[in-house]
Amino acid sequence: MAATGAAATDLEVVRGKRAALFFATVVIVLGLPLWWKTTETYRAPLPYSQISGLNSLKLRLMVPVTVVFTQESVPLDDQEKLPFTVVHEREIPLKYKLKIKCRFQKAYRRALDHEEAALSLGNIQEAEAMLAEPSEQAEGSLTVYVISERCSLLPQDMMSYIGPKRMAVVRGITHREAFNIIGRRIIQVVQAMSLTEDVLAAALADHLPEDKWSSDKRRPLKSSLGYEITFSLLNPDPKSHDVHWDIEGAVRRYVQPFLSALSAAGNFSVDSQILYYAVLGVNPRFDSASSSYYLAAHSLPHVINPVESRLGSSAASLYPVLNFLLYVPELAHSPLYIQDKDGAPVATNAFHSPRWGGIMVYNVDPKAYNGSQLPVRVEVDMMRVMEVFLAQLRLLFGIAQPQLPPKCLFFGPKSEGIMTWELDRLLWARSVENLATATTTLTSLAQLLGKISNIVIKDDVASEVYRAVAAVQKAAEELSSGHLASAFAASQEAVTSSERAFFDPSLLHLLYFPDDQKFAIYIPLFLPMAVPILLSLFKIFLETRKSWKKPEKTD
């Protein structure tokens, strides 16, 4: 009986060891891999190498220029060399990681019969009307006509002409170095109509280091898919002034043609409002010499904040909001003038704030108060007002006056308020800005995801990143080919996709999930199960080790 009990006890011990080994094997072979797989953070693969390569991206901005030579514009020996192509390339010296080179590809050819007839006229505007811009001329391309040295198309003291279209005229020269001299004149004109260091510096203002002129370069609005424009009439004294303004007609006549011409740069929406009892946040000072009130230049920044609270919140808007305020001062502070830094009255009696909008003070004619009962009816001269607001709108978009070469005849924009080549220059700047923004966003996202391994990377986020990288590369290729329209569209897609990936809400789910929280969750789950298994394995190890050391019996 004792032997039978001992045998049963040994059998139970063997079964216990086998059970412990079985449970340990199941946990190690199946449990741990299954737990690891089901609890790991899903991270779709990203093109990290391509993103890092964007920091060393080299942009080559190619401007196609067609140079047309009329008869007697260059010596006969030089005319026999036509047609041929000349490339002029220079690097834009900006302190930025993107290396930007501007390439002017000049295709020289002779003038056609209708071009000769148009350029033989005595009026430059008539000639420009006959030389209608061909419909197939691409955005960003320019045409320069070289006329003879004695041609009366330009005044004799003028060497070149820049018009509202993608066309310019340069006076030729009968010299053995004619092509070199004319080439330098053409480059001066083309640079004024296309790309300059100031234009690109303004586009990259948010990405360039602070320096002595960066504050001026921060005027232009940031690139966006759309903009909202609000015109507000501020009447702080409705008891004295009954103000009427034809804002609908003014927008239709003056603003809408400008926005239609600018539609390639984004979508625009326009609205208007009238605010009563809306006063400025600064008390004007009285000038006894002129019996008028004035706002000093140093007080102008304090005018915007109190007024902005009455304009309505722009937080719900998806696009930047531009505010244009027409302020009719109250009777107690009339007339009211704005002074510049030197203390002189501003001619337009208006000022603008970068990336915000502009304010114009509209004084009521003092004669209106003679023999009239209050409130005085005030009819706003919308033409004068819209001239100021359109000028401010051009400044807000970075459309400044070009840096003309010496002895250059220049005619400003027509009724649209913007010249065709100014729009092209804006698209150049916006394309470079979009590429810089997309590159910075993608680089920041890659660094963030590389440092924090807990962030989930979904497939849709990865697809947006791939799409953004491909769009950046495509935009760079289109810029180097001189295809401005497709390059701008690709740059917009790059910015949209990169920001959509960067601000995806799924990236924040496990962002703040440190390791101590993991231990707090998994220890109560695994510790009760692991302790018995580990103790059994330790006991088996000790017994096995003891059996190995036990000496064998010998007869």
# chains A, B, ... in the order shown; residues from 1 in each chain; ligands from 1

call {"tool": "select_by_dssp", "arguments": {"residues": "segment 125-367 of chain A", "states": "helix (DSSP H, G or I)", "output": "PyMOL selection string"}}
result
chain A and resi 125-130+178-193+197-203+214-217+247-261+263-265+297-299+301-308+331-333+366-367

call {"tool": "residues_around", "arguments": {"residues": "His175 of chain A", "least_positions_apart": "3", "cutoff": "8 Å", "atoms": "only C-alpha atoms", "output": "list in words"}}
result
Val74, Pro75 and Ala178 of chain A

call {"tool": "write_last_selection", "arguments": {"atoms": "C-alpha atoms", "output": "compact mmCIF listing (two decimals), in the first residue's frame"}}
result
# COMPACT_ATOMS: atom_id res chain seq x y z
CA VAL A 74 19.93 94.96 -85.21
CA PRO A 75 22.63 94.87 -87.90
CA ALA A 178 23.96 94.55 -80.50

call {"tool": "atom_distance", "arguments": {"atom1": "atom CA of Tyr277 of chain A", "atom2": "atom CA of Asp242 of chain A"}}
result
12.5 Å

call {"tool": "residues_around", "arguments": {"residues": "segment 154-171 of chain A", "least_positions_apart": "2", "cutoff": "8 Å", "atoms": "only C-alpha atoms", "output": "MDAnalysis selection string"}}
result
chainID A and resid 73 122:124 133 141:152 173 182 185:186 189 406:414 418:421

call {"tool": "write_last_selection", "arguments": {"atoms": "N, CA, C and O atoms", "output": "short mmCIF file (atom, residue, chain, number, x, y, z; two decimals), in the first residue's frame"}}
result
data_model
loop_
_atom_site.label_atom_id
_atom_site.label_comp_id
_atom_site.auth_asym_id
_atom_site.auth_seq_id
_atom_site.Cartn_x
_atom_site.Cartn_y
_atom_site.Cartn_z
N SER A 73 16.32 96.57 -86.48
CA SER A 73 16.52 96.66 -85.03
C SER A 73 17.92 96.24 -84.62
O SER A 73 18.44 96.70 -83.60
N GLY A 122 2.73 104.79 -84.97
CA GLY A 122 3.35 105.85 -84.17
C GLY A 122 2.83 105.92 -82.75
O GLY A 122 3.29 106.77 -81.99
N ASN A 123 1.93 105.03 -82.37
CA ASN A 123 1.36 105.05 -81.02
C ASN A 123 1.52 103.68 -80.39
O ASN A 123 1.13 102.66 -80.98
N ILE A 124 2.09 103.64 -79.20
CA ILE A 124 2.38 102.36 -78.56
C ILE A 124 1.11 101.64 -78.15
O ILE A 124 1.02 100.42 -78.22
N GLU A 133 -2.71 89.75 -77.30
CA GLU A 133 -2.04 88.62 -76.65
C GLU A 133 -2.63 87.31 -77.16
O GLU A 133 -3.84 87.09 -77.08
N SER A 141 4.85 83.39 -69.24
CA SER A 141 5.69 83.68 -70.41
C SER A 141 5.56 85.15 -70.80
O SER A 141 4.56 85.80 -70.50
N LEU A 142 6.57 85.66 -71.45
CA LEU A 142 6.62 87.06 -71.85
C LEU A 142 7.06 87.16 -73.31
O LEU A 142 7.77 86.28 -73.82
N THR A 143 6.64 88.26 -73.93
CA THR A 143 7.05 88.55 -75.30
C THR A 143 7.64 89.95 -75.34
O THR A 143 7.00 90.92 -74.90
N VAL A 144 8.86 90.07 -75.83
CA VAL A 144 9.56 91.35 -75.91
C VAL A 144 9.83 91.65 -77.38
O VAL A 144 10.44 90.83 -78.09
N TYR A 145 9.37 92.80 -77.81
CA TYR A 145 9.59 93.24 -79.19
C TYR A 145 10.75 94.24 -79.21
O TYR A 145 10.77 95.19 -78.44
N VAL A 146 11.67 94.03 -80.13
CA VAL A 146 12.82 94.91 -80.30
C VAL A 146 12.59 95.73 -81.56
O VAL A 146 12.49 95.18 -82.67
N ILE A 147 12.48 97.03 -81.39
CA ILE A 147 12.23 97.93 -82.50
C ILE A 147 13.53 98.63 -82.90
O ILE A 147 14.54 98.57 -82.17
N SER A 148 13.51 99.28 -84.04
CA SER A 148 14.72 99.94 -84.53
C SER A 148 15.06 101.15 -83.67
O SER A 148 14.22 101.69 -82.94
N GLU A 149 16.29 101.55 -83.76
CA GLU A 149 16.78 102.64 -82.92
C GLU A 149 16.10 103.96 -83.24
O GLU A 149 15.94 104.81 -82.37
N ARG A 150 15.65 104.15 -84.50
CA ARG A 150 15.01 105.39 -84.90
C ARG A 150 13.50 105.29 -84.95
O ARG A 150 12.84 106.20 -85.44
N CYS A 151 12.93 104.22 -84.44
CA CYS A 151 11.48 104.04 -84.49
C CYS A 151 10.79 105.06 -83.59
O CYS A 151 11.24 105.34 -82.47
N SER A 152 9.68 105.62 -84.09
CA SER A 152 8.92 106.63 -83.34
C SER A 152 7.85 106.03 -82.45
O SER A 152 7.02 106.76 -81.90
N ILE A 173 19.60 98.56 -81.33
CA ILE A 173 20.81 99.35 -81.55
C ILE A 173 21.59 98.72 -82.69
O ILE A 173 21.65 97.49 -82.83
N ILE A 182 21.38 94.57 -76.24
CA ILE A 182 19.93 94.37 -76.19
C ILE A 182 19.57 93.29 -75.18
O ILE A 182 18.55 93.39 -74.49
N ARG A 185 19.31 94.82 -71.80
CA ARG A 185 18.08 95.59 -71.67
C ARG A 185 16.87 94.68 -71.48
O ARG A 185 15.98 94.97 -70.68
N ILE A 186 16.86 93.59 -72.21
CA ILE A 186 15.74 92.64 -72.10
C ILE A 186 15.69 92.04 -70.70
O ILE A 186 14.62 91.90 -70.11
N VAL A 189 14.12 94.45 -68.25
CA VAL A 189 12.66 94.55 -68.42
C VAL A 189 11.97 93.28 -67.92
O VAL A 189 10.95 93.33 -67.22
N PRO A 406 15.96 102.09 -66.04
CA PRO A 406 16.05 103.50 -66.45
C PRO A 406 15.42 103.73 -67.82
O PRO A 406 15.47 102.87 -68.70
N LYS A 407 14.81 104.92 -67.98
CA LYS A 407 14.21 105.35 -69.24
C LYS A 407 13.20 104.33 -69.75
O LYS A 407 13.23 103.91 -70.92
N CYS A 408 12.30 103.93 -68.88
CA CYS A 408 11.27 102.96 -69.22
C CYS A 408 9.91 103.63 -69.16
O CYS A 408 9.55 104.24 -68.14
N LEU A 409 9.14 103.53 -70.23
CA LEU A 409 7.78 104.04 -70.29
C LEU A 409 6.84 103.00 -69.69
O LEU A 409 6.88 101.82 -70.07
N PHE A 410 6.02 103.42 -68.74
CA PHE A 410 5.19 102.47 -68.00
C PHE A 410 3.76 102.99 -67.92
O PHE A 410 3.53 104.14 -67.55
N PHE A 411 2.82 102.15 -68.29
CA PHE A 411 1.40 102.45 -68.14
C PHE A 411 0.83 101.51 -67.09
O PHE A 411 1.05 100.30 -67.14
N GLY A 412 0.08 102.08 -66.14
CA GLY A 412 -0.48 101.29 -65.06
C GLY A 412 -1.60 100.38 -65.51
O GLY A 412 -1.95 100.31 -66.69
N PRO A 413 -2.18 99.66 -64.57
CA PRO A 413 -3.25 98.71 -64.91
C PRO A 413 -4.50 99.42 -65.39
O PRO A 413 -4.75 100.59 -65.09
N LYS A 414 -5.31 98.68 -66.13
CA LYS A 414 -6.56 99.22 -66.65
C LYS A 414 -7.67 99.06 -65.61
O LYS A 414 -7.42 99.06 -64.42
N ILE A 418 -5.23 95.29 -62.06
CA ILE A 418 -4.04 94.45 -61.99
C ILE A 418 -3.63 94.10 -63.41
O ILE A 418 -4.47 93.87 -64.28
N MET A 419 -2.33 94.10 -63.65
CA MET A 419 -1.81 93.74 -64.96
C MET A 419 -1.61 92.24 -65.06
O MET A 419 -1.44 91.55 -64.05
N THR A 420 -1.64 91.73 -66.28
CA THR A 420 -1.54 90.29 -66.48
C THR A 420 -0.23 89.73 -65.94
O THR A 420 -0.20 88.69 -65.29
N TRP A 421 0.85 90.43 -66.20
CA TRP A 421 2.14 89.94 -65.72
C TRP A 421 2.27 90.11 -64.20
O TRP A 421 3.06 89.40 -63.56
#

call {"tool": "select_by_dssp", "arguments": {"residues": "segment 214-433 of chain A", "states": "strand (DSSP E)", "output": "PyMOL selection string"}}
result
chain A and resi 226-235+241-244+267-276+285-287+292-295+321-327+336-338+350-353+357-361+376-379+408-410

call {"tool": "atom_distance", "arguments": {"atom1": "atom CA of Gln79 of chain A", "atom2": "atom CA of Ala118 of chain A"}}
result
19.7 Å

call {"tool": "atom_distance", "arguments": {"atom1": "atom CA of Leu82 of chain A", "atom2": "atom CA of Cys102 of chain A"}}
result
24.5 Å

call {"tool": "residues_around", "arguments": {"residues": "segment 428-434 of chain A", "least_positions_apart": "5", "cutoff": "8 Å", "atoms": "only C-alpha atoms", "output": "compact mmCIF listing (two decimals) with C-alpha atoms, in the first residue's frame"}}
result
# COMPACT_ATOMS: atom_id res chain seq x y z
CA GLY A 140 4.41 83.24 -66.85
CA LEU A 195 10.84 87.57 -60.64
CA VAL A 199 9.19 89.33 -54.68
CA LEU A 200 10.59 85.99 -53.53
CA ALA A 202 8.18 88.62 -49.56
CA ALA A 203 6.83 85.18 -50.41
CA LEU A 204 9.27 83.48 -48.01
CA SER A 223 -1.23 81.88 -49.58
CA ALA A 475 5.49 71.50 -58.71
CA LEU A 484 3.32 78.25 -64.15
CA ALA A 487 3.03 74.37 -60.96
CA PHE A 488 0.76 76.60 -58.90
CA SER A 491 1.86 73.57 -55.01
CA GLN A 492 -1.65 74.17 -53.67
CA ALA A 494 1.04 69.96 -51.72
CA VAL A 495 0.06 72.47 -49.02

call {"tool": "decode", "arguments": {"residues": "segment 216-282 of chain A", "atoms": "C-alpha atoms", "output": "mmCIF file, in the first residue's frame"}}
result
data_model
loop_
_atom_site.group_PDB
_atom_site.id
_atom_site.type_symbol
_atom_site.label_atom_id
_atom_site.label_comp_id
_atom_site.auth_asym_id
_atom_site.auth_seq_id
_atom_site.Cartn_x
_atom_site.Cartn_y
_atom_site.Cartn_z
ATOM 1 C CA ASP A 216 8.464 95.087 -44.546
ATOM 2 C CA LYS A 217 8.408 91.759 -46.358
ATOM 3 C CA ARG A 218 5.720 90.430 -44.045
ATOM 4 C CA ARG A 219 3.045 92.608 -45.586
ATOM 5 C CA PRO A 220 1.627 90.138 -48.131
ATOM 6 C CA LEU A 221 -1.126 87.773 -47.154
ATOM 7 C CA LYS A 222 -0.223 84.145 -46.754
ATOM 8 C CA SER A 223 -1.232 81.881 -49.580
ATOM 9 C CA SER A 224 -4.688 80.382 -49.152
ATOM 10 C CA LEU A 225 -7.346 78.636 -51.206
ATOM 11 C CA GLY A 226 -9.775 81.495 -50.551
ATOM 12 C CA TYR A 227 -10.240 84.896 -48.942
ATOM 13 C CA GLU A 228 -13.173 86.699 -47.376
ATOM 14 C CA ILE A 229 -13.441 90.473 -47.857
ATOM 15 C CA THR A 230 -15.665 92.573 -45.610
ATOM 16 C CA PHE A 231 -16.468 96.254 -46.207
ATOM 17 C CA SER A 232 -17.759 98.026 -43.086
ATOM 18 C CA LEU A 233 -19.202 101.494 -42.705
ATOM 19 C CA LEU A 234 -18.639 102.884 -39.201
ATOM 20 C CA ASN A 235 -21.033 105.656 -38.173
ATOM 21 C CA PRO A 236 -20.294 106.563 -34.546
ATOM 22 C CA ASP A 237 -22.684 109.541 -34.571
ATOM 23 C CA PRO A 238 -25.942 108.597 -36.355
ATOM 24 C CA LYS A 239 -27.725 111.511 -34.664
ATOM 25 C CA SER A 240 -25.546 113.926 -36.648
ATOM 26 C CA HIS A 241 -24.822 111.955 -39.845
ATOM 27 C CA ASP A 242 -27.206 110.034 -42.063
ATOM 28 C CA VAL A 243 -24.623 108.215 -44.154
ATOM 29 C CA HIS A 244 -25.517 106.498 -47.435
ATOM 30 C CA TRP A 245 -23.091 104.409 -49.487
ATOM 31 C CA ASP A 246 -23.729 102.423 -52.650
ATOM 32 C CA ILE A 247 -21.548 99.503 -51.669
ATOM 33 C CA GLU A 248 -23.223 97.009 -54.007
ATOM 34 C CA GLY A 249 -22.649 99.193 -57.063
ATOM 35 C CA ALA A 250 -19.093 100.003 -55.977
ATOM 36 C CA VAL A 251 -18.221 96.349 -55.530
ATOM 37 C CA ARG A 252 -19.716 95.536 -58.915
ATOM 38 C CA ARG A 253 -17.906 98.364 -60.733
ATOM 39 C CA TYR A 254 -14.519 98.465 -58.976
ATOM 40 C CA VAL A 255 -13.886 95.408 -56.821
ATOM 41 C CA GLN A 256 -15.379 92.573 -58.845
ATOM 42 C CA PRO A 257 -13.225 93.149 -61.968
ATOM 43 C CA PHE A 258 -10.124 93.066 -59.773
ATOM 44 C CA LEU A 259 -11.206 89.883 -58.003
ATOM 45 C CA SER A 260 -12.170 88.252 -61.303
ATOM 46 C CA ALA A 261 -8.692 88.927 -62.652
ATOM 47 C CA LEU A 262 -7.245 87.574 -59.405
ATOM 48 C CA SER A 263 -9.428 84.439 -59.374
ATOM 49 C CA ALA A 264 -6.498 82.237 -60.392
ATOM 50 C CA ALA A 265 -4.883 82.921 -56.998
ATOM 51 C CA GLY A 266 -7.925 81.857 -54.936
ATOM 52 C CA ASN A 267 -11.656 82.102 -54.343
ATOM 53 C CA PHE A 268 -13.148 85.322 -52.997
ATOM 54 C CA SER A 269 -16.333 86.194 -51.147
ATOM 55 C CA VAL A 270 -17.435 89.775 -50.441
ATOM 56 C CA ASP A 271 -19.887 91.093 -47.867
ATOM 57 C CA SER A 272 -20.657 94.425 -46.240
ATOM 58 C CA GLN A 273 -22.146 95.830 -43.049
ATOM 59 C CA ILE A 274 -22.992 99.116 -41.322
ATOM 60 C CA LEU A 275 -22.040 99.584 -37.671
ATOM 61 C CA TYR A 276 -23.570 102.398 -35.611
ATOM 62 C CA TYR A 277 -22.014 103.925 -32.496
ATOM 63 C CA ALA A 278 -18.695 102.220 -33.316
ATOM 64 C CA VAL A 279 -15.978 104.601 -32.132
ATOM 65 C CA LEU A 280 -12.227 104.387 -32.411
ATOM 66 C CA GLY A 281 -10.227 103.192 -29.446
ATOM 67 C CA VAL A 282 -8.026 106.292 -29.534
#
